[in-house]
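A.B. asks: Following this message is one structure expressed as structure tokens.
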Amino acid sequence: MADNKDNQTAPSRAMPDGGNMPIVIHAQYIKDLSFENPNTPESLRGAGGAPEMDVNIGMDARKISSQEEDNLYEVALNVRAEAKRQGESVFIAELQYAMTVSLNNVPQDQHHPLLLIEIPRMAFPYARQILSDLTTQGGYPPLLLNPVDFHALYLDRFKDEIAAAQKKQATETEGSATVN
């Protein structure tokens, strides 16, 4: 008796295209990377104790014109870390880590916070690892960034715009409540 298993085809298992997902990540990449080690080899000796660290983090998003995707964006996480010892730079590391994403079935008024809070939150572990590896390759212990509250950064950066929008919404709500 012949085995019919050889004549049967397996069901198609196509990869999901993310069509139902609110966020689709198309690519993630290093957009710019810089490491300066200005006072080597003296700075590698570690005389003078542990350096002071100054870390700045920023987020940017821009819409990308595309015929294939309606809501395509590039979101960049910018990290600049400078170590100083006795007023002199030990090292300066700068990273711009970006992701190309599309937003599906997300209300337009939610794009801005989603792009500048959630996408940087997704990119952060990759940027953290890159900076850790970079400082190690520069001859120093790994730079391990602490977790970042991107929601708080967003609120701080856009507090005036958020307050104006809340005031406008409250005024519109009052106006509609008093009209009978």
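Quick note on naming: the chains in the structure tokens go A, B, ... in the order shown, residues restart at 1 in each chain, and ligands are numbered from 1 in order of appearance.
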Using only C-alpha atoms, which protein or nucleic acid residues come within 9 Å of A:Ser89? Drop anything in the same chain fewer than 4 positions from it, and give the result as a ChimeraX atom specification.

C.D. replies: /A:37-39,43,51,82-85

A.B. asks: Quick one: residues within 12 Å of A:Ser34, only C-alpha atoms counted, chain neighbours fewer than 4 positions away excluded, as a VMD selection string?

C.D. replies: chain A and resid 30 78 to 82 91 to 97 130 to 131 134 to 135 138

A.B. asks: Just write the chosen residues, C-alpha atoms, as a compact mmCIF listing (two decimals), in the first residue's frame.

C.D. replies:
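And here's out-v4.txt as it stands now:
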```txt
# COMPACT_ATOMS: atom_id res chain seq x y z
CA ILE A 30 23.12 53.02 13.06
CA ASN A 78 20.32 60.30 19.87
CA VAL A 79 22.74 59.53 22.69
CA ARG A 80 25.81 61.57 23.61
CA ALA A 81 28.03 60.44 26.47
CA GLU A 82 31.09 62.34 27.63
CA PHE A 91 36.13 60.02 25.84
CA ILE A 92 33.13 61.26 23.88
CA ALA A 93 30.69 58.80 22.33
CA GLU A 94 27.83 59.87 20.07
CA LEU A 95 25.26 57.55 18.57
CA GLN A 96 22.26 58.16 16.37
CA TYR A 97 20.30 54.90 16.21
CA ILE A 130 26.30 49.54 20.88
CA LEU A 131 27.62 52.14 23.34
CA LEU A 134 32.06 51.01 21.66
CA THR A 135 33.53 52.12 24.98
CA GLY A 138 37.93 52.30 23.04
```

A.B. asks: Quick one: everything within 10 Å of A:Leu145, counting only C-alpha atoms, minus sequence neighbours fewer than 6 positions away in the same chain. Send it as a PyMOL selection string.

C.D. replies: chain A and resi 55+81+124-125+127-129+131-132

A.B. asks: Which one of A:Ile117, A:Val106, A:Leu77, A:Met99 sits closest to A:Gln28 if you count only C-alpha atoms?

C.D. replies: A:Met99

A.B. asks: Which of these, A:Ala98, A:Ile57, A:Ala170, A:Leu114, has the shortest distance to A:Tyr126 once you count only C-alpha atoms?

C.D. replies: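 Once distances to A:Tyr126 are computed over only C-alpha atoms, the minimum belongs to A:Ala98.
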
A.B. asks: For a quick check of understanding, using only C-alpha atoms, which of A:Phe158, A:Met59, A:Tyr140, A:Glu69 has the smallest distance to A:Leu44?

C.D. replies: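 Checking each candidate against A:Leu44, we get A:Tyr140 as the closest.
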
A.B. asks: Identify, with DSSP run on backbone atoms, the residues in stretch 57-131 of chain A assigned to strand (DSSP E or B), and express the list as an NGL selection string.

C.D. replies: :A and (57-63 or 72-85 or 88-103)

A.B. asks: Please save N, CA and C atoms of the selected residues as an mmCIF file, in the first residue's frame.

C.D. replies:
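Output below, filename part-v3.cif:
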```cif
data_model
loop_
_atom_site.group_PDB
_atom_site.id
_atom_site.type_symbol
_atom_site.label_atom_id
_atom_site.label_comp_id
_atom_site.auth_asym_id
_atom_site.auth_seq_id
_atom_site.Cartn_x
_atom_site.Cartn_y
_atom_site.Cartn_z
ATOM 1 N N ILE A 57 20.223 62.392 26.129
ATOM 2 C CA ILE A 57 19.416 61.550 25.246
ATOM 3 C C ILE A 57 18.332 62.397 24.609
ATOM 4 N N GLY A 58 18.151 62.228 23.314
ATOM 5 C CA GLY A 58 17.108 62.937 22.589
ATOM 6 C C GLY A 58 16.428 62.015 21.588
ATOM 7 N N MET A 59 15.240 62.413 21.161
ATOM 8 C CA MET A 59 14.478 61.637 20.192
ATOM 9 C C MET A 59 13.987 62.567 19.094
ATOM 10 N N ASP A 60 14.003 62.074 17.876
ATOM 11 C CA ASP A 60 13.475 62.816 16.738
ATOM 12 C C ASP A 60 12.678 61.867 15.860
ATOM 13 N N ALA A 61 11.664 62.404 15.206
ATOM 14 C CA ALA A 61 10.878 61.609 14.265
ATOM 15 C C ALA A 61 10.557 62.470 13.052
ATOM 16 N N ARG A 62 10.570 61.836 11.892
ATOM 17 C CA ARG A 62 10.189 62.546 10.670
ATOM 18 C C ARG A 62 9.401 61.600 9.777
ATOM 19 N N LYS A 63 8.422 62.177 9.099
ATOM 20 C CA LYS A 63 7.600 61.404 8.163
ATOM 21 C C LYS A 63 8.389 61.199 6.878
ATOM 22 N N LEU A 72 4.633 56.141 7.126
ATOM 23 C CA LEU A 72 6.008 55.686 7.279
ATOM 24 C C LEU A 72 6.836 56.787 7.931
ATOM 25 N N TYR A 73 7.608 56.416 8.956
ATOM 26 C CA TYR A 73 8.402 57.381 9.712
ATOM 27 C C TYR A 73 9.797 56.840 9.965
ATOM 28 N N GLU A 74 10.730 57.782 10.134
ATOM 29 C CA GLU A 74 12.045 57.439 10.656
ATOM 30 C C GLU A 74 12.132 58.066 12.041
ATOM 31 N N VAL A 75 12.465 57.256 13.026
ATOM 32 C CA VAL A 75 12.607 57.716 14.402
ATOM 33 C C VAL A 75 14.058 57.495 14.803
ATOM 34 N N ALA A 76 14.695 58.549 15.319
ATOM 35 C CA ALA A 76 16.097 58.452 15.718
ATOM 36 C C ALA A 76 16.234 58.687 17.216
ATOM 37 N N LEU A 77 17.008 57.828 17.838
ATOM 38 C CA LEU A 77 17.378 57.963 19.242
ATOM 39 C C LEU A 77 18.808 58.482 19.246
ATOM 40 N N ASN A 78 19.008 59.648 19.841
ATOM 41 C CA ASN A 78 20.317 60.296 19.872
ATOM 42 C C ASN A 78 20.888 60.206 21.280
ATOM 43 N N VAL A 79 22.095 59.656 21.386
ATOM 44 C CA VAL A 79 22.745 59.531 22.688
ATOM 45 C C VAL A 79 24.144 60.118 22.580
ATOM 46 N N ARG A 80 24.462 60.997 23.529
ATOM 47 C CA ARG A 80 25.809 61.569 23.605
ATOM 48 C C ARG A 80 26.297 61.363 25.028
ATOM 49 N N ALA A 81 27.444 60.701 25.153
ATOM 50 C CA ALA A 81 28.031 60.442 26.467
ATOM 51 C C ALA A 81 29.452 60.988 26.475
ATOM 52 N N GLU A 82 29.745 61.805 27.488
ATOM 53 C CA GLU A 82 31.089 62.339 27.632
ATOM 54 C C GLU A 82 31.590 62.033 29.033
ATOM 55 N N ALA A 83 32.783 61.444 29.090
ATOM 56 C CA ALA A 83 33.438 61.166 30.360
ATOM 57 C C ALA A 83 34.536 62.200 30.547
ATOM 58 N N LYS A 84 34.561 62.828 31.731
ATOM 59 C CA LYS A 84 35.589 63.831 32.038
ATOM 60 C C LYS A 84 36.261 63.481 33.358
ATOM 61 N N ARG A 85 37.543 63.725 33.385
ATOM 62 C CA ARG A 85 38.313 63.542 34.600
ATOM 63 C C ARG A 85 39.146 64.802 34.807
ATOM 64 N N GLU A 88 39.117 67.396 31.982
ATOM 65 C CA GLU A 88 39.561 67.004 30.638
ATOM 66 C C GLU A 88 38.739 65.831 30.138
ATOM 67 N N SER A 89 38.415 65.854 28.848
ATOM 68 C CA SER A 89 37.652 64.759 28.255
ATOM 69 C C SER A 89 38.463 63.474 28.253
ATOM 70 N N VAL A 90 37.836 62.418 28.736
ATOM 71 C CA VAL A 90 38.422 61.088 28.675
ATOM 72 C C VAL A 90 37.977 60.447 27.364
ATOM 73 N N PHE A 91 36.662 60.469 27.131
ATOM 74 C CA PHE A 91 36.127 60.025 25.840
ATOM 75 C C PHE A 91 34.796 60.712 25.583
ATOM 76 N N ILE A 92 34.432 60.754 24.311
ATOM 77 C CA ILE A 92 33.132 61.264 23.878
ATOM 78 C C ILE A 92 32.558 60.243 22.903
ATOM 79 N N ALA A 93 31.374 59.754 23.205
ATOM 80 C CA ALA A 93 30.691 58.798 22.333
ATOM 81 C C ALA A 93 29.363 59.403 21.906
ATOM 82 N N GLU A 94 29.099 59.365 20.608
ATOM 83 C CA GLU A 94 27.827 59.873 20.069
ATOM 84 C C GLU A 94 27.235 58.826 19.150
ATOM 85 N N LEU A 95 25.965 58.560 19.352
ATOM 86 C CA LEU A 95 25.264 57.555 18.565
ATOM 87 C C LEU A 95 23.907 58.094 18.141
ATOM 88 N N GLN A 96 23.599 57.906 16.875
ATOM 89 C CA GLN A 96 22.256 58.159 16.374
ATOM 90 C C GLN A 96 21.769 56.821 15.830
ATOM 91 N N TYR A 97 20.841 56.202 16.567
ATOM 92 C CA TYR A 97 20.302 54.895 16.215
ATOM 93 C C TYR A 97 18.874 55.109 15.735
ATOM 94 N N ALA A 98 18.574 54.638 14.544
ATOM 95 C CA ALA A 98 17.274 54.938 13.944
ATOM 96 C C ALA A 98 16.491 53.678 13.603
ATOM 97 N N MET A 99 15.188 53.869 13.520
ATOM 98 C CA MET A 99 14.274 52.816 13.099
ATOM 99 C C MET A 99 13.310 53.408 12.078
ATOM 100 N N THR A 100 13.023 52.629 11.052
ATOM 101 C CA THR A 100 11.994 53.002 10.085
ATOM 102 C C THR A 100 10.761 52.175 10.439
ATOM 103 N N VAL A 101 9.659 52.872 10.704
ATOM 104 C CA VAL A 101 8.441 52.202 11.154
ATOM 105 C C VAL A 101 7.229 52.739 10.405
ATOM 106 N N SER A 102 6.188 51.933 10.376
ATOM 107 C CA SER A 102 4.899 52.431 9.893
ATOM 108 C C SER A 102 3.865 52.184 10.985
ATOM 109 N N LEU A 103 2.904 53.077 11.036
ATOM 110 C CA LEU A 103 1.838 53.001 12.018
ATOM 111 C C LEU A 103 0.553 52.642 11.292
#
```

A.B. asks: Report, in Å to a single decimal, how far apart atom CA of A:Tyr29 and atom CA of A:Gly139 are.

C.D. replies: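 Computing the Euclidean distance for atom CA of A:Gly139 and atom CA of A:Tyr29 yields 24.1 Å.
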
A.B. asks: Considering only C-alpha atoms, can you say which of A:Asp149, A:Glu118, A:Glu161, A:Glu172 comes closest to A:Pro22?

C.D. replies: A:Glu118

A.B. asks: Quick one: pull the distance between atom CA of A:Gly49 and atom CA of A:Asn146, Å, one decimal.

C.D. replies: 21.0 Å

A.B. asks: Distance atom CA of A:Asn104-atom CA of A:Ala123, one decimal place?

C.D. replies: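 According to the coordinates, atom CA of A:Asn104 and atom CA of A:Ala123 are separated by 19.1 Å.
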
A.B. asks: Give me every alpha helix (DSSP H) residue in stretch 22-179 of chain A, going by DSSP on the backbone, as a ChimeraX atom specification.

C.D. replies: /A:111-113,119-137,150-157,159-178

A.B. asks: Put those residues in a file: C-alpha atoms, as a PDB file, in the first residue's frame.

C.D. replies:
```
ATOM      1  CA  HIS A 111       1.275  59.316  16.246  1.00  0.00           C
ATOM      2  CA  HIS A 112       3.467  61.920  17.955  1.00  0.00           C
ATOM      3  CA  PRO A 113       3.613  60.318  21.440  1.00  0.00           C
ATOM      4  CA  ILE A 119       9.739  53.621  19.380  1.00  0.00           C
ATOM      5  CA  PRO A 120      12.718  55.043  21.342  1.00  0.00           C
ATOM      6  CA  ARG A 121      11.833  52.602  24.138  1.00  0.00           C
ATOM      7  CA  MET A 122      12.155  49.768  21.610  1.00  0.00           C
ATOM      8  CA  ALA A 123      15.426  51.135  20.197  1.00  0.00           C
ATOM      9  CA  PHE A 124      17.083  51.788  23.562  1.00  0.00           C
ATOM     10  CA  PRO A 125      18.418  48.274  24.317  1.00  0.00           C
ATOM     11  CA  TYR A 126      20.197  48.214  20.942  1.00  0.00           C
ATOM     12  CA  ALA A 127      21.706  51.671  21.445  1.00  0.00           C
ATOM     13  CA  ARG A 128      22.779  50.692  24.971  1.00  0.00           C
ATOM     14  CA  GLN A 129      24.577  47.606  23.670  1.00  0.00           C
ATOM     15  CA  ILE A 130      26.299  49.536  20.880  1.00  0.00           C
ATOM     16  CA  LEU A 131      27.616  52.144  23.336  1.00  0.00           C
ATOM     17  CA  SER A 132      28.752  49.446  25.738  1.00  0.00           C
ATOM     18  CA  ASP A 133      30.705  47.700  22.966  1.00  0.00           C
ATOM     19  CA  LEU A 134      32.063  51.006  21.659  1.00  0.00           C
ATOM     20  CA  THR A 135      33.532  52.122  24.982  1.00  0.00           C
ATOM     21  CA  THR A 136      35.018  48.676  25.535  1.00  0.00           C
ATOM     22  CA  GLN A 137      36.685  48.823  22.115  1.00  0.00           C
ATOM     23  CA  PHE A 150      10.949  58.127  27.655  1.00  0.00           C
ATOM     24  CA  HIS A 151       7.466  59.160  28.786  1.00  0.00           C
ATOM     25  CA  ALA A 152       8.963  61.643  31.277  1.00  0.00           C
ATOM     26  CA  LEU A 153      11.405  62.932  28.635  1.00  0.00           C
ATOM     27  CA  TYR A 154       8.497  63.419  26.243  1.00  0.00           C
ATOM     28  CA  LEU A 155       6.411  65.279  28.819  1.00  0.00           C
ATOM     29  CA  ASP A 156       9.352  67.515  29.726  1.00  0.00           C
ATOM     30  CA  ARG A 157      10.196  68.299  26.093  1.00  0.00           C
ATOM     31  CA  LYS A 159       5.059  70.302  28.218  1.00  0.00           C
ATOM     32  CA  ASP A 160       4.013  73.639  26.683  1.00  0.00           C
ATOM     33  CA  GLU A 161       2.331  71.981  23.683  1.00  0.00           C
ATOM     34  CA  ILE A 162       0.616  69.411  25.926  1.00  0.00           C
ATOM     35  CA  ALA A 163      -0.659  72.132  28.287  1.00  0.00           C
ATOM     36  CA  ALA A 164      -1.993  74.171  25.338  1.00  0.00           C
ATOM     37  CA  ALA A 165      -3.772  71.116  23.900  1.00  0.00           C
ATOM     38  CA  GLN A 166      -5.299  70.269  27.291  1.00  0.00           C
ATOM     39  CA  LYS A 167      -6.466  73.870  27.746  1.00  0.00           C
ATOM     40  CA  LYS A 168      -8.024  73.875  24.270  1.00  0.00           C
ATOM     41  CA  GLN A 169      -9.757  70.564  24.938  1.00  0.00           C
ATOM     42  CA  ALA A 170     -11.081  71.812  28.296  1.00  0.00           C
ATOM     43  CA  THR A 171     -12.388  75.011  26.664  1.00  0.00           C
ATOM     44  CA  GLU A 172     -14.120  73.000  23.919  1.00  0.00           C
ATOM     45  CA  THR A 173     -15.620  70.645  26.520  1.00  0.00           C
ATOM     46  CA  GLU A 174     -16.925  73.583  28.606  1.00  0.00           C
ATOM     47  CA  GLY A 175     -18.394  75.220  25.508  1.00  0.00           C
ATOM     48  CA  SER A 176     -20.227  72.081  24.469  1.00  0.00           C
ATOM     49  CA  ALA A 177     -21.535  71.509  28.030  1.00  0.00           C
ATOM     50  CA  THR A 178     -23.039  74.993  28.303  1.00  0.00           C
TER      51      THR A 178
END
```

A.B. asks: Quick one: of A:Asn105, A:Pro141, A:Leu33, A:Gly87, who's nearest to A:Met21, counting only C-alpha atoms?

C.D. replies: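 Checking each candidate against A:Met21, we get A:Asn105 as the closest.
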